[in-house]
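Asks: query_29.txt is reproduced in full below (compact mmCIF, C-alpha atoms).
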# COMPACT_ATOMS: atom_id res chain seq x y z
CA MET A 1 -176.31 120.54 340.37
CA ASN A 2 -177.39 123.73 338.63
CA THR A 3 -178.60 123.28 335.09
CA PRO A 4 -178.18 126.06 332.54
CA THR A 5 -181.29 127.80 331.29
CA ALA A 6 -180.00 127.58 327.72
CA THR A 7 -178.85 124.51 325.82
CA LEU A 8 -175.34 124.14 324.46
CA ARG A 9 -175.03 123.06 320.85
CA HIS A 10 -172.35 122.26 318.31
CA LEU A 11 -170.95 124.97 316.08
CA ARG A 12 -172.52 125.17 312.64
CA PRO A 13 -171.39 126.93 309.48
CA GLY A 14 -172.43 130.57 309.67
CA ASP A 15 -172.12 130.79 313.45
CA THR A 16 -170.30 133.73 315.00
CA VAL A 17 -167.66 133.06 317.62
CA ALA A 18 -165.99 135.51 319.96
CA VAL A 19 -162.24 135.67 320.35
CA ILE A 20 -161.13 137.34 323.57
CA ALA A 21 -157.78 137.70 325.31
CA PRO A 22 -158.51 137.01 328.99
CA ALA A 23 -154.82 136.71 329.83
CA GLY A 24 -151.85 137.67 327.68
CA PRO A 25 -151.73 139.69 324.47
CA CYS A 26 -150.85 138.58 320.98
CA LYS A 27 -147.81 140.67 320.20
CA ASP A 28 -147.60 139.50 316.59
CA THR A 29 -150.12 141.53 314.55
CA ASP A 30 -149.60 139.27 311.52
CA ARG A 31 -150.79 136.26 313.52
CA LEU A 32 -153.70 138.25 314.90
CA ALA A 33 -154.75 139.07 311.34
CA GLN A 34 -154.89 135.34 310.54
CA ILE A 35 -157.63 134.59 313.09
CA GLU A 36 -160.66 135.68 311.08
CA PRO A 37 -159.56 133.88 307.87
CA LEU A 38 -158.79 130.73 309.88
CA PHE A 39 -162.30 130.59 311.32
CA ALA A 40 -163.75 131.48 307.90
CA GLN A 41 -162.10 128.36 306.45
CA HIS A 42 -164.39 126.42 308.79
CA GLY A 43 -167.48 128.42 307.86
CA LEU A 44 -167.46 130.52 311.02
CA HIS A 45 -167.43 134.27 311.57
CA ALA A 46 -164.92 135.42 314.18
CA ARG A 47 -165.43 138.61 316.15
CA LEU A 48 -162.23 139.81 317.82
CA TYR A 49 -162.85 141.76 320.99
CA PRO A 50 -160.72 144.77 322.01
CA SER A 51 -158.68 142.76 324.51
CA CYS A 52 -157.09 140.90 321.58
CA SER A 53 -155.10 143.96 320.60
CA ALA A 54 -154.89 145.69 323.98
CA THR A 55 -151.82 146.07 326.13
CA HIS A 56 -151.59 146.70 329.83
CA PRO A 57 -149.81 149.97 330.65
CA GLN A 58 -147.51 148.41 333.26
CA HIS A 59 -147.56 144.64 332.72
CA ASP A 60 -146.66 143.48 329.21
CA TYR A 61 -147.78 139.93 330.04
CA LEU A 62 -151.42 141.11 330.29
CA SER A 63 -153.72 142.05 327.44
CA GLY A 64 -155.22 145.22 328.84
CA SER A 65 -156.51 145.89 332.32
CA ASP A 66 -158.36 143.28 334.35
CA GLU A 67 -161.51 145.36 333.90
CA GLN A 68 -161.14 145.45 330.10
CA ARG A 69 -160.50 141.72 329.79
CA LEU A 70 -163.42 140.92 332.10
CA ALA A 71 -165.69 143.33 330.19
CA ASP A 72 -164.86 141.52 326.95
CA LEU A 73 -165.73 138.15 328.50
CA HIS A 74 -169.01 139.47 329.89
CA ALA A 75 -169.88 141.17 326.59
CA ALA A 76 -169.23 137.98 324.64
CA LEU A 77 -171.33 135.96 327.09
CA ALA A 78 -174.25 138.39 326.91
CA ASP A 79 -174.21 138.71 323.11
CA GLU A 80 -176.94 136.46 321.75
CA SER A 81 -175.27 136.37 318.31
CA ILE A 82 -172.17 134.66 319.76
CA THR A 83 -172.30 130.86 319.80
CA ALA A 84 -168.91 130.12 321.37
CA ILE A 85 -166.01 131.95 323.00
CA PHE A 86 -162.37 131.23 322.24
CA ALA A 87 -159.47 132.50 324.34
CA LEU A 88 -156.64 133.96 322.32
CA ARG A 89 -154.20 132.75 324.96
CA GLY A 90 -154.30 131.40 328.46
CA GLY A 91 -152.14 132.31 331.39
CA TYR A 92 -151.94 134.07 334.71
CA GLY A 93 -154.24 136.86 333.62
CA CYS A 94 -157.19 134.43 333.62
CA ALA A 95 -156.68 133.68 337.30
CA ARG A 96 -156.95 137.38 338.04
CA LEU A 97 -160.52 137.34 336.65
CA VAL A 98 -161.99 134.12 338.00
CA ASP A 99 -163.51 135.47 341.21
CA ARG A 100 -165.08 138.39 339.34
CA ILE A 101 -166.88 136.49 336.56
CA ASP A 102 -170.62 137.09 336.58
CA THR A 103 -171.73 133.49 337.15
CA ALA A 104 -175.40 134.38 336.68
CA LEU A 105 -174.53 135.65 333.20
CA LEU A 106 -172.56 132.49 332.55
CA ARG A 107 -175.49 130.27 333.61
CA THR A 108 -177.97 132.28 331.56
CA HIS A 109 -175.79 132.29 328.42
CA PRO A 110 -173.63 129.14 328.44
CA LYS A 111 -171.23 128.99 325.56
If you convert what's in this file into C-alpha cells, what do you get?
Replies:
Amino acid sequence: MNTPTATLRHLRPGDTVAVIAPAGPCKDTDRLAQIEPLFAQHGLHARLYPSCSATHPQHDYLSGSDEQRLADLHAALADESITAIFALRGGYGCARLVDRIDTALLRTHPK
C-alpha cells in the first residue's frame, strides 16, 4: 500500500477550501453566490475555481471542457494554501476525468 508523503488533517477555522466542478455546472447563479458565505459560517474560506461557472460549448451537462475541469482539480491539488477540495456536483463528467488524474500529484498533496 502506498502511503502519502503528506498527512491529512481535519479542517480548522481559517482554512481555505477549493470548490471545483468536475462534472456538471451550477446553472443557478444565486446558489453559486451562496457557497462562500456558507463556508464562512463555518470559519472557512472558499475559493471557487473557474469550472464552477463554466459551461461546455456543446454539452450543457458538463461544466466546461474536460481539460478545464481537470486543470481546476490539478490546480487545487497543487495549491499548498488549499486544505480540502469540495466538488460542486458529481456526475458523469467525473468519470471522463478519472484516467487522466495526475496520481503523483494526488499522492504528494492529499486533500
Asks: For A:Gln68, which of A:Leu11, A:Leu97, A:Ala87, A:Ile82 is the closest residue, counting only C-alpha atoms?
Replies: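 Ranked by minimum distance to A:Gln68, first place goes to A:Leu97.
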Asks: Kindly indicate which residue among A:Ala33, A:Cys26, A:Ile20, A:Ala95 lies nearest to A:Leu73, using all atoms listed in the file for the distances.
Replies: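 Among the listed residues, A:Ile20 lies closest to A:Leu73.
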Asks: Taking into account only C-alpha atoms, which residue in the set A:Ile101, A:Val17, A:Glu80, A:Ala23 is nearest to A:Leu48?
Replies: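 Once distances to A:Leu48 are computed over only C-alpha atoms, the minimum belongs to A:Val17.
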Asks: Quick one: residues within 9 Å of A:Gly43, all atoms listed in the file, excluding same-chain residues fewer than 4 positions away - as an MDAnalysis selection string?
Replies: chainID A and resid 12:15 39
Asks: Separation of atom CA of A:Arg69 and atom CA of A:Pro37, in Å?
Replies: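 Rounded to one decimal, the two atoms are 23.3 Å apart.
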Asks: Between A:Ser53, A:Leu62, A:Leu105, A:Ile85, single out the one closest to A:Asp30, counting all atoms listed in the file.
Replies: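 Among the listed residues, A:Ser53 lies closest to A:Asp30.
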Asks: Name the closest residue to A:Glu67 among the candidates A:Arg96, A:Arg47, A:Thr103, A:Pro110; distances are taken between atoms, counting all atoms listed in the file.
Replies: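 Closest residue, counting all atoms listed in the file: A:Arg96.
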Asks: Let me make sure I understand: among A:Cys94, A:Ala78, A:Leu88, A:Ala21, which one has the smallest atom-to-atom distance to A:Arg107 if we use only C-alpha atoms?
Replies: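 Once distances to A:Arg107 are computed over only C-alpha atoms, the minimum belongs to A:Ala78.
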Asks: In Å, with one decimal, what is the gap from atom CA of A:Ala54 to atom CA of A:Val98?
Replies: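 Answer for the atom CA of A:Ala54 to atom CA of A:Val98 separation: 19.5 Å.
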Asks: Go ahead and compute the interatomic distance for atom CA of A:Ser51 and atom CA of A:Ala18, in Å to one decimal.
Replies: 11.3 Å
